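Peer 1: Quick one: the structure is below, questions incoming.
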Amino acid sequence: MLPDIGIYYEMADSVSASIKPSLSYLTRKWPEIEAWRVRARAKVYELLAFDPEDVPLNPRIESRRVKGDIIIEEISYEMPYGPRARGFFLYPEKRRGKLPAFIALHDHSGFYYYGKEKISEVQNEPKILIEFKKKRYSGRSWANELARRGFAVLVMDNFLWGSRRIPVESLNEEFQKEFKGLKPGSEEYIRRYNSLIYKLEHVIAKTFFAAGTTWPGIFTYEDRRSIDYLLTRPEIDPARIGCGGLSGGGLRTIFLAGLDPRIKCAVCIGFMSTFRELLRNHVKCHTWMLYVPHLPRYLDLPDIITLHAPKPLMIQYNLEDQLYTLKGQREADRKIAEVYSKMGCPENYSGRFYKGPHKFDAEMQEDMFKWLQHNL
């Protein structure tokens with residue numbers, strides 16, 4: 001297959017090939033792991049360029065119900081911009097002592113209308129959501145499955161999804177016309193909303209670039225605020241907080257686990273490759289959420305998540321994942337394993353490859369649950 005940008009691919013590839021990420025743990029010998037980590041994290045935060053005003057969480061429990069042996073609370077808290085963030089806090093009704101906590105990060109999938117609902121059980125689940133879960137998650141709501149296994153699970157809507165999505169009535173009148181005559185919440189309304197925001201992604205990203213910040217800076221800030229919320233809950237053990245998710249949730253895991261020391265273990269699913277292996281034919285496969293200007297000069301994607309090392313890390317790869325080359329996935333796996341070996345803790349990294357396309361199916365979920373039982 002010819003490259004997506006034709007004759008200029010070779011130029012892009014030569015630039016990438018000439019760069020050895022200067023802050024990678026593999027680039028040279030670092031005398032102190034923590035000194036390396038502090039320096040590298042500082043550079044990533046500088047490039048993310050997002051530091052909103054500090055506002056109190058003012059958390060609320062909006063509703064509470066019990067389903068089976070799980071307590072399901074809909075919660076919300078304040079953000080410095082936009083509407084309150086809403087999410088689900090799930091935990092076993094019967095428990096002893098403090099619970100291990102896991103931040104379940106929803107995917108991208110071009111499905112913006114819902115966020116937390118894509119991986120959590122909801123009452124009167126619409127057909128469009130049921131079909132989506134069958135395709136991505138073997139029909140399961142994996143956040144609830146994890147809670148049933150003894151974990152406290154927090155699932156929040158992230159920037160642009162669910163309760164954090166852009167209200168149609170706030171959009172340019174040109175875009176509002178697409179919804180004329182449609183009932184909000186109907187299947188056609190949801191499909192049209194998803195399609196429109198997908199088309200607007202480049203405008204959203206470029207708007208924030210022009211403003212002097214980045215989309216990854218925004219979503220990483222919002223995910224770190226999820227940890228702030230967990231620390232207000234008396235049910236959880238603050239020393240045992242993990243995070244993970246599929247696809248866009250995997251990307252969010254890379255930054256959250258890599259940048260926030262409060263994360264004890266992490267599971268990145270269906271989102272790992274070297275940057276170079278995306279250049280020929282796979283940049284188009286990925287959301288604008290991925291891009292931070294100049295970041296590859298300092299850290300490759302696998303380098304970012306190794307800022308979490310040597311704490312426990314699982315990466316789940318799909319052999320036929322259409323979003324990456326298999327070479328890019330295997331090179332990333334090798335680099336991460338090499339960092340853990342260099343730090344003297346090779347057993348703390350688990351890289352697993354599964355047959356099939358881009359997904360987080362029941363087999364992968366069960367493997368993650370068992371791994372979390374051991375590591376969290």
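Naming works like this for the structure tokens: A, B, ... for the chains as they're shown, residue 1 at the start of each chain, ligands 1 onward in shown order.
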Write out as a PyMOL selection string the residues lying within 12 Å of A:Arg262, counting only C-alpha atoms and excluding same-chain residues fewer than 3 positions away.

Peer 2: chain A and resi 101-103+223-228+230-231+237-243+256-259+265-266+308+311

Peer 1: Just asking: which residues within stretch 184-305 of chain A are helix (DSSP H, G or I) according to DSSP, as a PyMOL selection string?

Peer 2: chain A and resi 187-211+215-230+248-259+276-278+283-285+288-290+295-297+301-305

Peer 1: Excluding stretch 331-347 of chain A and its own-chain neighbours fewer than 5 positions away, which residues fall within 8 Å of it when counting only C-alpha atoms? Please give them as a list in words.

Peer 2: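 In the requested format, the answer is Tyr25, Leu26, Met272, Ser273, Thr274, Leu301, Pro302, Asp303, Thr306, Ala309 and Pro310 of chain A.
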
Peer 1: Report the residues of stretch 213-277 of chain A whose backbone DSSP state falls under strand (DSSP E), written as a list in words.

Peer 2: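 Going through stretch 213-277 of chain A, the strand (DSSP E) residues come out as Ile236, Asp237, Pro238, Ala239, Arg240, Ile241, Gly242, Cys243, Gly244, Gly245, Leu246, Cys265, Ala266, Val267, Cys268 and Ile269 of chain A.
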
Peer 1: Please produce a file of those selected residues containing N, CA and C atoms, as a PDB file, in the first residue's frame.

Peer 2:
```pdb
ATOM      1  N   ILE A 236     -12.544   3.748  49.915  1.00  0.00           N
ATOM      2  CA  ILE A 236     -11.396   3.256  49.142  1.00  0.00           C
ATOM      3  C   ILE A 236     -10.071   3.390  49.900  1.00  0.00           C
ATOM      4  N   ASP A 237      -9.130   2.557  49.473  1.00  0.00           N
ATOM      5  CA  ASP A 237      -7.761   2.615  49.975  1.00  0.00           C
ATOM      6  C   ASP A 237      -6.964   3.527  49.051  1.00  0.00           C
ATOM      7  N   PRO A 238      -6.541   4.693  49.513  1.00  0.00           N
ATOM      8  CA  PRO A 238      -5.849   5.646  48.628  1.00  0.00           C
ATOM      9  C   PRO A 238      -4.505   5.139  48.109  1.00  0.00           C
ATOM     10  N   ALA A 239      -3.966   4.089  48.732  1.00  0.00           N
ATOM     11  CA  ALA A 239      -2.694   3.521  48.263  1.00  0.00           C
ATOM     12  C   ALA A 239      -2.909   2.467  47.182  1.00  0.00           C
ATOM     13  N   ARG A 240      -4.185   2.168  46.860  1.00  0.00           N
ATOM     14  CA  ARG A 240      -4.476   1.139  45.857  1.00  0.00           C
ATOM     15  C   ARG A 240      -5.464   1.679  44.826  1.00  0.00           C
ATOM     16  N   ILE A 241      -4.965   2.557  43.965  1.00  0.00           N
ATOM     17  CA  ILE A 241      -5.775   3.124  42.890  1.00  0.00           C
ATOM     18  C   ILE A 241      -5.159   2.727  41.556  1.00  0.00           C
ATOM     19  N   GLY A 242      -5.964   2.146  40.677  1.00  0.00           N
ATOM     20  CA  GLY A 242      -5.520   1.780  39.343  1.00  0.00           C
ATOM     21  C   GLY A 242      -6.352   2.488  38.294  1.00  0.00           C
ATOM     22  N   CYS A 243      -5.962   2.321  37.028  1.00  0.00           N
ATOM     23  CA  CYS A 243      -6.733   2.904  35.943  1.00  0.00           C
ATOM     24  C   CYS A 243      -6.551   2.073  34.687  1.00  0.00           C
ATOM     25  N   GLY A 244      -7.486   2.216  33.751  1.00  0.00           N
ATOM     26  CA  GLY A 244      -7.349   1.519  32.492  1.00  0.00           C
ATOM     27  C   GLY A 244      -8.552   1.698  31.606  1.00  0.00           C
ATOM     28  N   GLY A 245      -8.378   1.368  30.328  1.00  0.00           N
ATOM     29  CA  GLY A 245      -9.476   1.460  29.385  1.00  0.00           C
ATOM     30  C   GLY A 245      -9.025   1.079  27.991  1.00  0.00           C
ATOM     31  N   LEU A 246     -10.017   0.937  27.109  1.00  0.00           N
ATOM     32  CA  LEU A 246      -9.796   0.544  25.720  1.00  0.00           C
ATOM     33  C   LEU A 246      -9.678   1.757  24.818  1.00  0.00           C
ATOM     34  N   CYS A 265      -1.302   0.899  39.672  1.00  0.00           N
ATOM     35  CA  CYS A 265      -1.140  -0.015  38.547  1.00  0.00           C
ATOM     36  C   CYS A 265      -2.076   0.405  37.425  1.00  0.00           C
ATOM     37  N   ALA A 266      -1.747  -0.014  36.193  1.00  0.00           N
ATOM     38  CA  ALA A 266      -2.487   0.464  35.030  1.00  0.00           C
ATOM     39  C   ALA A 266      -2.631  -0.630  33.990  1.00  0.00           C
ATOM     40  N   VAL A 267      -3.739  -0.537  33.228  1.00  0.00           N
ATOM     41  CA  VAL A 267      -4.006  -1.475  32.140  1.00  0.00           C
ATOM     42  C   VAL A 267      -4.371  -0.667  30.895  1.00  0.00           C
ATOM     43  N   CYS A 268      -3.505  -0.719  29.897  1.00  0.00           N
ATOM     44  CA  CYS A 268      -3.712  -0.003  28.640  1.00  0.00           C
ATOM     45  C   CYS A 268      -4.156  -1.022  27.591  1.00  0.00           C
ATOM     46  N   ILE A 269      -5.336  -0.814  27.004  1.00  0.00           N
ATOM     47  CA  ILE A 269      -5.939  -1.802  26.120  1.00  0.00           C
ATOM     48  C   ILE A 269      -6.130  -1.204  24.723  1.00  0.00           C
TER      49      ILE A 269
END
```

Peer 1: Please list as number ranges by chain every residue within 10 Å of A:Asn58, counting only C-alpha atoms and excluding residues in the same chain fewer than 3 positions away.

Peer 2: A: 55, 76-79, 84, 229

Peer 1: Let me see the file: selected residues, C-alpha atoms, as an mmCIF file, in the first residue's frame.

Peer 2:
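Listed below is the output, out26.cif:
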```cif
data_model
loop_
_atom_site.group_PDB
_atom_site.id
_atom_site.type_symbol
_atom_site.label_atom_id
_atom_site.label_comp_id
_atom_site.auth_asym_id
_atom_site.auth_seq_id
_atom_site.Cartn_x
_atom_site.Cartn_y
_atom_site.Cartn_z
ATOM 1 C CA VAL A 55 -11.720 25.201 41.921
ATOM 2 C CA SER A 76 -20.997 14.753 39.991
ATOM 3 C CA TYR A 77 -18.397 17.399 40.746
ATOM 4 C CA GLU A 78 -17.422 20.853 39.574
ATOM 5 C CA MET A 79 -14.977 21.646 36.796
ATOM 6 C CA ARG A 84 -20.365 19.543 36.124
ATOM 7 C CA TYR A 229 -12.612 12.673 43.738
#
```

Peer 1: Select, from A:Gln316, A:Glu73, A:Asp54, A:Glu34, the residue with the minimum atom-to-atom distance to A:Glu363, counting only C-alpha atoms.

Peer 2: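 Answer, going by the shortest atom-to-atom distance: A:Gln316.
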
Peer 1: Find the residues near A:Glu201: any atom within 12 Å, counting only C-alpha atoms, skip ones fewer than 4 places away on the same chain, and give them as a PyMOL selection string.

Peer 2: chain A and resi 108+110+112+160+166+194-197+205-208+215+286-290

Peer 1: Near A:Pro92, counting only C-alpha atoms, which residues have an atom at most 10 Å away, once you skip same-chain residues fewer than 2 positions from it, shown as a ChimeraX atom specification?

Peer 2: /A:66-72,90,94-96,99,144,146-153

Peer 1: Excluding A:Glu121 and any residue of its chain fewer than 5 positions from it, enumerate the residues within 10 Å of it, using only C-alpha atoms, and give them as a list in words.

Peer 2: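 Surrounding residues, per the criterion: Lys67, Ile72, Phe88, Lys116, Arg140, Ser141, Trp142, Ala143, Asn144 and Glu145 of chain A.
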
Peer 1: Counting only C-alpha atoms, which residue out of A:Pro293, A:Ala17, A:Leu307, A:Ser350 sits closest to A:Arg39?

Peer 2: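 Ranked by minimum distance to A:Arg39, first place goes to A:Leu307.
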
Peer 1: Between A:Phe360, A:Tyr113, A:Trp161, A:Phe353, which has the minimum distance to A:Ala85 (counting only C-alpha atoms)?

Peer 2: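 Under the stated criterion, the closest residue is A:Trp161.
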
Peer 1: Nearest residue to A:Ser16 out of A:Leu278, A:Asn375, A:Phe369, A:Pro357, using only C-alpha atoms?

Peer 2: A:Leu278

Peer 1: Which of these residues is nearest to A:Glu320, using only C-alpha atoms: A:Gly270, A:Phe179, A:Val283, A:Tyr137?

Peer 2: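 Of A:Gly270, A:Phe179, A:Val283, A:Tyr137, the one nearest A:Glu320 is A:Gly270, counting only C-alpha atoms.
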
Peer 1: May I ask which of the residues A:Glu187, A:Glu169, A:Glu32, A:Asp107 is the closest one to A:Thr253, counting only C-alpha atoms?

Peer 2: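 Comparing A:Glu187, A:Glu169, A:Glu32, A:Asp107 against A:Thr253, the winner is A:Asp107.
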